[in-house]
file protein-v1.txt (compact mmCIF, C-alpha atoms and all ligand atoms)
# COMPACT_ATOMS: atom_id res chain seq x y z
CA MET A 24 90.71 105.44 100.32
CA GLU A 25 92.57 108.06 98.28
CA GLN A 26 96.29 108.08 98.81
CA ALA A 27 99.53 109.37 97.29
CA VAL A 28 102.37 107.27 95.90
CA LEU A 29 105.91 108.13 94.85
CA VAL A 30 107.15 106.73 91.54
CA LEU A 31 110.73 107.00 90.29
CA ILE A 32 111.59 106.24 86.69
CA LYS A 33 114.99 104.66 87.26
CA PRO A 34 118.22 105.18 85.29
CA ASP A 35 117.91 102.00 83.17
CA ALA A 36 114.63 103.35 81.80
CA ILE A 37 116.06 106.85 81.29
CA GLN A 38 119.02 105.43 79.39
CA ARG A 39 116.76 103.32 77.16
CA LYS A 40 114.35 106.24 76.55
CA LEU A 41 111.43 104.43 78.14
CA THR A 42 110.11 107.42 80.11
CA GLY A 43 107.26 107.96 77.66
CA ALA A 44 106.31 104.29 77.56
CA VAL A 45 106.24 104.07 81.35
CA LEU A 46 104.25 107.29 81.67
CA ALA A 47 101.73 106.06 79.10
CA ARG A 48 101.04 102.97 81.21
CA LEU A 49 100.72 104.97 84.42
CA GLU A 50 98.49 107.51 82.70
CA SER A 51 96.05 104.75 81.74
CA LEU A 52 95.31 104.12 85.44
CA ASP A 53 92.68 105.87 87.50
CA VAL A 54 95.21 108.14 89.24
CA LYS A 55 96.08 111.83 88.96
CA LEU A 56 99.59 113.17 88.46
CA ILE A 57 100.20 115.78 91.17
CA GLY A 58 103.98 116.23 90.97
CA ALA A 59 106.77 115.64 88.47
CA LYS A 60 110.41 116.61 88.07
CA ALA A 61 113.84 115.44 86.97
CA VAL A 62 116.18 114.92 89.92
CA ARG A 63 119.93 114.41 90.09
CA VAL A 64 120.43 111.69 92.73
CA ASP A 65 123.44 111.69 95.04
CA HIS A 66 124.41 108.85 97.37
CA ALA A 67 122.92 110.57 100.42
CA LEU A 68 119.48 110.84 98.78
CA ALA A 69 119.58 107.28 97.42
CA GLU A 70 120.67 105.85 100.78
CA GLU A 71 117.96 107.74 102.63
CA HIS A 72 115.37 106.60 100.08
CA TYR A 73 116.37 102.94 100.57
CA THR A 74 117.24 103.30 104.28
CA ARG A 75 115.18 100.20 105.17
CA LEU A 76 117.40 98.07 102.95
CA ARG A 77 120.70 99.10 104.60
CA GLY A 78 122.78 95.99 105.26
CA LYS A 79 121.33 93.95 102.38
CA PRO A 80 124.00 92.35 100.16
CA PHE A 81 122.72 94.23 97.10
CA PHE A 82 122.55 97.63 98.87
CA ASP A 83 125.71 99.34 97.51
CA ASP A 84 125.06 98.18 93.97
CA MET A 85 121.44 99.33 94.16
CA ILE A 86 122.55 102.78 95.38
CA ARG A 87 124.95 103.13 92.43
CA TYR A 88 122.12 102.00 90.13
CA LEU A 89 119.68 104.63 91.46
CA CYS A 90 122.36 107.33 91.19
CA GLY A 91 122.73 106.55 87.49
CA GLU A 92 126.37 105.48 87.78
CA LEU A 93 125.74 102.15 86.10
CA HIS A 94 123.93 103.63 83.09
CA GLY A 95 125.75 106.92 82.53
CA VAL A 96 122.57 108.80 83.38
CA GLU A 97 122.41 112.03 85.39
CA PHE A 98 118.86 112.03 86.67
CA VAL A 99 115.73 110.07 87.49
CA VAL A 100 112.15 111.23 86.90
CA ALA A 101 110.26 111.60 90.19
CA LEU A 102 106.47 111.53 90.10
CA VAL A 103 103.67 111.67 92.65
CA PHE A 104 100.28 110.19 91.84
CA TRP A 105 97.09 110.54 93.84
CA GLY A 106 93.98 108.37 93.72
CA GLU A 107 91.84 105.61 95.13
CA GLU A 108 94.15 102.71 96.06
CA ALA A 109 96.89 104.44 94.08
CA ILE A 110 99.64 102.29 95.63
CA ARG A 111 97.91 99.04 94.73
CA GLN A 112 97.06 100.26 91.23
CA ILE A 113 100.61 101.34 90.49
CA ARG A 114 102.38 98.37 92.05
CA HIS A 115 100.03 96.07 90.12
CA VAL A 116 100.97 97.58 86.76
CA ALA A 117 104.65 97.78 87.82
CA GLY A 118 104.85 94.02 88.43
CA ALA A 119 107.11 91.92 90.65
CA THR A 120 110.43 93.30 91.91
CA ASN A 121 112.39 90.64 90.01
CA PRO A 122 111.80 91.31 86.30
CA GLU A 123 112.21 87.57 85.57
CA ALA A 124 109.23 86.90 87.84
CA ALA A 125 107.14 89.87 86.67
CA ALA A 126 104.14 89.04 84.47
CA PRO A 127 104.71 89.93 80.79
CA GLY A 128 101.89 92.48 80.78
CA THR A 129 103.49 94.52 83.55
CA ILE A 130 106.02 97.34 83.11
CA ARG A 131 108.82 95.38 84.76
CA GLY A 132 107.86 92.24 82.85
CA ALA A 133 107.99 94.13 79.57
CA TYR A 134 111.09 96.26 80.11
CA GLY A 135 113.02 95.07 83.18
CA CYS A 136 116.05 92.83 83.27
CA LEU A 137 117.97 90.75 85.77
CA THR A 138 121.69 91.30 85.15
CA SER A 139 124.14 88.38 85.10
CA GLY A 140 125.40 89.69 88.46
CA GLY A 141 121.90 89.40 89.93
CA ARG A 142 120.99 93.08 90.00
CA MET A 143 117.33 93.77 89.34
CA GLU A 144 117.14 96.59 86.81
CA ASN A 145 113.43 97.04 87.06
CA VAL A 146 112.59 100.35 85.42
CA LEU A 147 110.68 102.05 88.22
CA HIS A 148 110.24 102.45 91.94
CA ALA A 149 106.81 102.63 93.54
CA SER A 150 106.16 103.16 97.25
CA SER A 151 105.19 99.94 99.04
CA ASP A 152 102.64 101.27 101.54
CA GLU A 153 101.10 104.49 102.79
CA SER A 154 103.63 105.26 105.50
CA GLU A 155 106.55 104.66 103.13
CA ALA A 156 104.80 106.81 100.51
CA LYS A 157 104.52 109.70 102.97
CA ARG A 158 108.15 109.38 104.03
CA GLU A 159 109.41 109.09 100.44
CA ILE A 160 107.33 111.99 99.08
CA ALA A 161 108.65 114.26 101.87
CA LEU A 162 112.18 113.18 100.93
CA TRP A 163 111.83 113.92 97.19
CA PHE A 164 109.35 116.84 97.04
CA ARG A 165 108.67 120.07 98.87
CA PRO A 166 104.95 120.51 99.66
CA GLU A 167 104.68 123.50 97.29
CA GLU A 168 105.88 121.36 94.38
CA LEU A 169 102.71 119.26 94.59
CA LEU A 170 99.39 120.30 93.05
CA ILE A 171 97.41 119.35 96.12
CA GLN A 172 98.19 119.57 99.79
CA LEU A 173 98.58 116.02 101.10
CA PRO A 174 96.78 115.02 104.31
N1 LIG B 201 116.85 94.71 94.50
C1 LIG B 201 117.83 93.94 93.92
N2 LIG B 201 117.97 92.63 94.35
C2 LIG B 201 117.14 92.10 95.30
C3 LIG B 201 116.12 92.88 95.85
C4 LIG B 201 116.00 94.19 95.44
O1 LIG B 201 118.59 94.40 93.06
O2 LIG B 201 117.32 90.91 95.64
C5 LIG B 201 116.70 96.13 94.09
C6 LIG B 201 115.61 96.33 93.02
O3 LIG B 201 116.05 97.32 92.10
C7 LIG B 201 114.43 96.80 93.84
C8 LIG B 201 115.11 97.63 94.92
O4 LIG B 201 116.30 96.90 95.20
O5 LIG B 201 113.52 97.56 93.08
C9 LIG B 201 114.29 97.80 96.20
O6 LIG B 201 113.87 96.56 96.67
P1 LIG B 201 112.38 96.31 97.19
O7 LIG B 201 112.37 94.99 97.88
O8 LIG B 201 111.91 97.50 97.94
O9 LIG B 201 111.54 96.14 95.83
P2 LIG B 201 110.42 97.06 95.15
O10 LIG B 201 109.63 97.71 96.23
O11 LIG B 201 111.18 98.06 94.28
O12 LIG B 201 109.60 96.12 94.30
MG MG B 202 110.25 98.77 97.92
call {"tool": "encode", "arguments": {"input": "protein-v1.txt", "output": "structure tokens"}}
result
Amino acid sequence: MEQAVLVLIKPDAIQRKLTGAVLARLESLDVKLIGAKAVRVDHALAEEHYTRLRGKPFFDDMIRYLCGELHGVEFVVALVFWGEEAIRQIRHVAGATNPEAAAPGTIRGAYGCLTSGGRMENVLHASSDESEAKREIALWFRPEELLIQLP
């Protein structure tokens, strides 16, 4: 089934100039890019994006990370891909959440790091399932910013 997925290239990757490397890996998949932009992330947007994780011990730190405050970065790159099993394809190449556990061939395995404080700086976000993807895409993009109208 064709589906959409939101990807965010996170501030650690922006700071380290890994946007091109990450995009090259995503471009090699059988998915189409249907939306892309640079976005300045404030706390309200980050907290809404990660609303399901409110209350977790790492929540505040993760919000500051996504806002770029920990890397001196002013934006993230937000992307929407569309394709057959796009979520599975992208999460497979992204690798495990914890970069220490991510396979070396994955994006997080290659470029992610676990800080000494336990924060997972893992290069990119990818929606976890179709309902989250729909919610997240509506949060980050207006319909007219996408190349196709999503179902
Ligand atoms: N995270 C973290 N420590 C944890 C779990 C998550 O720092 O123990 C951060 C990490 O950056 C992760 C984000 O919180 O990407 C969202 O967590 P989620 O479980 O949704 O992982 P993902 O879907 O990004 O693999
Ligand atoms: Mg998630």
call {"tool": "closest_atom_pairs", "arguments": {"input": "protein-v1.txt", "of": "chain A", "to": "ligand MG 202 (chain B)", "cutoff": "9 Å", "atoms": "all atoms listed in the file", "output": "Markdown table"}}
result
| residue | atom | partner | partner_atom | distance |
| --- | --- | --- | --- | --- |
| A:Tyr73 | CA | B:MG202 | MG | 7.9 |
| A:Arg75 | CA | B:MG202 | MG | 8.9 |
| A:Leu76 | CA | B:MG202 | MG | 8.8 |
| A:Thr120 | CA | B:MG202 | MG | 8.1 |
| A:His148 | CA | B:MG202 | MG | 7.0 |
| A:Ala149 | CA | B:MG202 | MG | 6.8 |
| A:Ser150 | CA | B:MG202 | MG | 6.0 |
| A:Ser151 | CA | B:MG202 | MG | 5.3 |
| A:Asp152 | CA | B:MG202 | MG | 8.8 |
| A:Glu155 | CA | B:MG202 | MG | 8.7 |
call {"tool": "residues_near_ligand", "arguments": {"input": "protein-v1.txt", "ligand": "ligand LIG 201 (chain B)", "cutoff": "10 Å", "atoms": "all atoms listed in the file", "output": "NGL selection string"}}
result
:A and (30-31 or 33 or 72-73 or 75-76 or 79-86 or 88-89 or 114 or 117-122 or 131 or 135-138 or 140-152)
call {"tool": "closest_residue", "arguments": {"input": "protein-v1.txt", "among": "A:Leu49, A:Leu170, A:Ala44, A:Leu56", "to": "A:Phe104", "atoms": "all atoms listed in the file"}}
result
A:Leu56
call {"tool": "atom_distance", "arguments": {"input": "protein-v1.txt", "atom1": "atom CA of A:Leu52", "atom2": "atom CA of A:Ile171"}}
result
18.7 Å
call {"tool": "residues_around", "arguments": {"input": "protein-v1.txt", "residues": "A:Glu153", "least_positions_apart": "3", "cutoff": "10 Å", "atoms": "all atoms listed in the file", "output": "list in words"}}
result
Gln26, Ala27, Val28, Leu29, Glu108, Ala109, Ile110, Ser150, Ala156, Lys157, Arg158 and Glu159 of chain A
call {"tool": "closest_residue", "arguments": {"input": "protein-v1.txt", "among": "A:Val54, A:Cys90, A:Ala36, A:Ala125", "to": "A:Glu70", "atoms": "all atoms listed in the file"}}
result
A:Cys90
call {"tool": "residues_around", "arguments": {"input": "protein-v1.txt", "residues": "A:Ala101", "least_positions_apart": "3", "cutoff": "8 Å", "atoms": "all atoms listed in the file", "output": "MDAnalysis selection string"}}
result
chainID A and resid 29:32 58:62 163
call {"tool": "write_last_selection", "arguments": {"input": "protein-v1.txt", "atoms": "C-alpha atoms", "output": "mmCIF file, in the frame of the given file"}}
result
data_model
loop_
_atom_site.group_PDB
_atom_site.id
_atom_site.type_symbol
_atom_site.label_atom_id
_atom_site.label_comp_id
_atom_site.auth_asym_id
_atom_site.auth_seq_id
_atom_site.Cartn_x
_atom_site.Cartn_y
_atom_site.Cartn_z
ATOM 1 C CA LEU A 29 105.910 108.130 94.850
ATOM 2 C CA VAL A 30 107.150 106.730 91.540
ATOM 3 C CA LEU A 31 110.730 107.000 90.290
ATOM 4 C CA ILE A 32 111.590 106.240 86.690
ATOM 5 C CA GLY A 58 103.980 116.230 90.970
ATOM 6 C CA ALA A 59 106.770 115.640 88.470
ATOM 7 C CA LYS A 60 110.410 116.610 88.070
ATOM 8 C CA ALA A 61 113.840 115.440 86.970
ATOM 9 C CA VAL A 62 116.180 114.920 89.920
ATOM 10 C CA TRP A 163 111.830 113.920 97.190
#
call {"tool": "residues_around", "arguments": {"input": "protein-v1.txt", "residues": "A:Gly128", "least_positions_apart": "3", "cutoff": "8 Å", "atoms": "only C-alpha atoms", "output": "ChimeraX atom specification"}}
result
/A:116,132-133
call {"tool": "atom_distance", "arguments": {"input": "protein-v1.txt", "atom1": "atom CA of A:Arg48", "atom2": "atom CA of A:Met24"}}
result
21.9 Å
call {"tool": "axis_aligned_box", "arguments": {"input": "protein-v1.txt", "around": "stretch 164-171 of chain A", "padding_each_side": "4 Å", "output": "JSON"}}
result
{"center_x": 103.4, "center_y": 120.2, "center_z": 96.4, "size_x": 19.9, "size_y": 14.7, "size_z": 14.6}
call {"tool": "atom_distance", "arguments": {"input": "protein-v1.txt", "atom1": "atom CA of A:Val45", "atom2": "atom CA of A:Ile130"}}
result
7.0 Å
call {"tool": "closest_residue", "arguments": {"input": "protein-v1.txt", "among": "A:Gly43, A:Leu173, A:Trp105, A:Ala126", "to": "A:Ala161", "atoms": "all atoms listed in the file"}}
result
A:Leu173
call {"tool": "closest_residue", "arguments": {"input": "protein-v1.txt", "among": "A:Val100, A:Leu46, A:Leu41, A:Leu162", "to": "A:Ala67", "atoms": "all atoms listed in the file"}}
result
A:Leu162
call {"tool": "build_atoms", "arguments": {"input": "protein-v1.txt", "residues": "stretch 85-96 of chain A", "atoms": "all heavy atoms", "output": "PDB file, in the coordinates of the input"}}
result
ATOM      1  N   MET A  85     122.752  98.716  94.418  1.00  0.00           N
ATOM      2  CA  MET A  85     121.440  99.330  94.160  1.00  0.00           C
ATOM      3  C   MET A  85     121.535 100.856  94.284  1.00  0.00           C
ATOM      4  O   MET A  85     120.880 101.581  93.533  1.00  0.00           O
ATOM      5  CB  MET A  85     120.467  98.777  95.183  1.00  0.00           C
ATOM      6  CG  MET A  85     119.058  99.227  94.989  1.00  0.00           C
ATOM      7  SD  MET A  85     118.073  98.717  96.381  1.00  0.00           S
ATOM      8  CE  MET A  85     118.990  99.390  97.743  1.00  0.00           C
ATOM      9  N   ILE A  86     122.349 101.336  95.221  1.00  0.00           N
ATOM     10  CA  ILE A  86     122.550 102.780  95.380  1.00  0.00           C
ATOM     11  C   ILE A  86     123.228 103.347  94.127  1.00  0.00           C
ATOM     12  O   ILE A  86     122.814 104.377  93.587  1.00  0.00           O
ATOM     13  CB  ILE A  86     123.382 103.082  96.655  1.00  0.00           C
ATOM     14  CG1 ILE A  86     122.595 102.673  97.909  1.00  0.00           C
ATOM     15  CG2 ILE A  86     123.801 104.549  96.703  1.00  0.00           C
ATOM     16  CD1 ILE A  86     121.222 103.276  98.040  1.00  0.00           C
ATOM     17  N   ARG A  87     124.251 102.660  93.647  1.00  0.00           N
ATOM     18  CA  ARG A  87     124.950 103.130  92.430  1.00  0.00           C
ATOM     19  C   ARG A  87     123.997 103.100  91.234  1.00  0.00           C
ATOM     20  O   ARG A  87     124.039 103.979  90.374  1.00  0.00           O
ATOM     21  CB  ARG A  87     126.188 102.260  92.160  1.00  0.00           C
ATOM     22  CG  ARG A  87     127.228 102.394  93.274  1.00  0.00           C
ATOM     23  CD  ARG A  87     128.515 101.640  92.955  1.00  0.00           C
ATOM     24  NE  ARG A  87     129.152 102.214  91.784  1.00  0.00           N
ATOM     25  CZ  ARG A  87     129.637 101.516  90.763  1.00  0.00           C
ATOM     26  NH1 ARG A  87     129.567 100.189  90.762  1.00  0.00           N
ATOM     27  NH2 ARG A  87     130.203 102.123  89.752  1.00  0.00           N
ATOM     28  N   TYR A  88     123.145 102.103  91.194  1.00  0.00           N
ATOM     29  CA  TYR A  88     122.120 102.000  90.130  1.00  0.00           C
ATOM     30  C   TYR A  88     121.184 103.211  90.174  1.00  0.00           C
ATOM     31  O   TYR A  88     120.994 103.915  89.175  1.00  0.00           O
ATOM     32  CB  TYR A  88     121.385 100.673  90.312  1.00  0.00           C
ATOM     33  CG  TYR A  88     120.063 100.495  89.597  1.00  0.00           C
ATOM     34  CD1 TYR A  88     119.841 100.981  88.309  1.00  0.00           C
ATOM     35  CD2 TYR A  88     119.028  99.781  90.214  1.00  0.00           C
ATOM     36  CE1 TYR A  88     118.615 100.779  87.668  1.00  0.00           C
ATOM     37  CE2 TYR A  88     117.820  99.568  89.580  1.00  0.00           C
ATOM     38  CZ  TYR A  88     117.615 100.078  88.311  1.00  0.00           C
ATOM     39  OH  TYR A  88     116.401  99.878  87.692  1.00  0.00           O
ATOM     40  N   LEU A  89     120.637 103.522  91.360  1.00  0.00           N
ATOM     41  CA  LEU A  89     119.680 104.630  91.460  1.00  0.00           C
ATOM     42  C   LEU A  89     120.344 105.978  91.158  1.00  0.00           C
ATOM     43  O   LEU A  89     119.700 106.893  90.645  1.00  0.00           O
ATOM     44  CB  LEU A  89     119.011 104.655  92.846  1.00  0.00           C
ATOM     45  CG  LEU A  89     117.822 105.610  92.977  1.00  0.00           C
ATOM     46  CD1 LEU A  89     116.662 105.187  92.058  1.00  0.00           C
ATOM     47  CD2 LEU A  89     117.325 105.699  94.420  1.00  0.00           C
ATOM     48  N   CYS A  90     121.642 106.075  91.457  1.00  0.00           N
ATOM     49  CA  CYS A  90     122.360 107.330  91.190  1.00  0.00           C
ATOM     50  C   CYS A  90     122.717 107.486  89.716  1.00  0.00           C
ATOM     51  O   CYS A  90     123.244 108.528  89.321  1.00  0.00           O
ATOM     52  CB  CYS A  90     123.627 107.399  92.039  1.00  0.00           C
ATOM     53  SG  CYS A  90     123.290 107.601  93.799  1.00  0.00           S
ATOM     54  N   GLY A  91     122.478 106.460  88.924  1.00  0.00           N
ATOM     55  CA  GLY A  91     122.730 106.550  87.490  1.00  0.00           C
ATOM     56  C   GLY A  91     124.148 106.182  87.084  1.00  0.00           C
ATOM     57  O   GLY A  91     124.505 106.242  85.903  1.00  0.00           O
ATOM     58  N   GLU A  92     124.953 105.754  88.071  1.00  0.00           N
ATOM     59  CA  GLU A  92     126.370 105.480  87.780  1.00  0.00           C
ATOM     60  C   GLU A  92     126.554 104.261  86.889  1.00  0.00           C
ATOM     61  O   GLU A  92     127.572 104.125  86.227  1.00  0.00           O
ATOM     62  CB  GLU A  92     127.137 105.269  89.102  1.00  0.00           C
ATOM     63  CG  GLU A  92     127.269 106.553  89.889  1.00  0.00           C
ATOM     64  CD  GLU A  92     127.791 106.348  91.308  1.00  0.00           C
ATOM     65  OE1 GLU A  92     128.465 105.326  91.573  1.00  0.00           O
ATOM     66  OE2 GLU A  92     127.503 107.212  92.155  1.00  0.00           O
ATOM     67  N   LEU A  93     125.601 103.370  86.884  1.00  0.00           N
ATOM     68  CA  LEU A  93     125.740 102.150  86.100  1.00  0.00           C
ATOM     69  C   LEU A  93     125.219 102.313  84.678  1.00  0.00           C
ATOM     70  O   LEU A  93     125.422 101.456  83.829  1.00  0.00           O
ATOM     71  CB  LEU A  93     125.008 100.983  86.788  1.00  0.00           C
ATOM     72  CG  LEU A  93     125.390 100.774  88.256  1.00  0.00           C
ATOM     73  CD1 LEU A  93     124.582  99.641  88.862  1.00  0.00           C
ATOM     74  CD2 LEU A  93     126.881 100.493  88.386  1.00  0.00           C
ATOM     75  N   HIS A  94     124.528 103.418  84.429  1.00  0.00           N
ATOM     76  CA  HIS A  94     123.930 103.630  83.090  1.00  0.00           C
ATOM     77  C   HIS A  94     124.371 104.935  82.448  1.00  0.00           C
ATOM     78  O   HIS A  94     123.852 105.290  81.388  1.00  0.00           O
ATOM     79  CB  HIS A  94     122.398 103.578  83.189  1.00  0.00           C
ATOM     80  CG  HIS A  94     121.880 102.241  83.607  1.00  0.00           C
ATOM     81  ND1 HIS A  94     121.704 101.888  84.923  1.00  0.00           N
ATOM     82  CD2 HIS A  94     121.561 101.148  82.876  1.00  0.00           C
ATOM     83  CE1 HIS A  94     121.280 100.640  84.983  1.00  0.00           C
ATOM     84  NE2 HIS A  94     121.184 100.169  83.763  1.00  0.00           N
ATOM     85  N   GLY A  95     125.289 105.652  83.085  1.00  0.00           N
ATOM     86  CA  GLY A  95     125.750 106.920  82.530  1.00  0.00           C
ATOM     87  C   GLY A  95     124.623 107.934  82.400  1.00  0.00           C
ATOM     88  O   GLY A  95     124.551 108.669  81.420  1.00  0.00           O
ATOM     89  N   VAL A  96     123.759 107.937  83.412  1.00  0.00           N
ATOM     90  CA  VAL A  96     122.570 108.800  83.380  1.00  0.00           C
ATOM     91  C   VAL A  96     122.659 109.767  84.551  1.00  0.00           C
ATOM     92  O   VAL A  96     123.120 109.404  85.631  1.00  0.00           O
ATOM     93  CB  VAL A  96     121.316 107.899  83.471  1.00  0.00           C
ATOM     94  CG1 VAL A  96     120.114 108.669  83.940  1.00  0.00           C
ATOM     95  CG2 VAL A  96     121.041 107.214  82.137  1.00  0.00           C
TER      96      VAL A  96
END
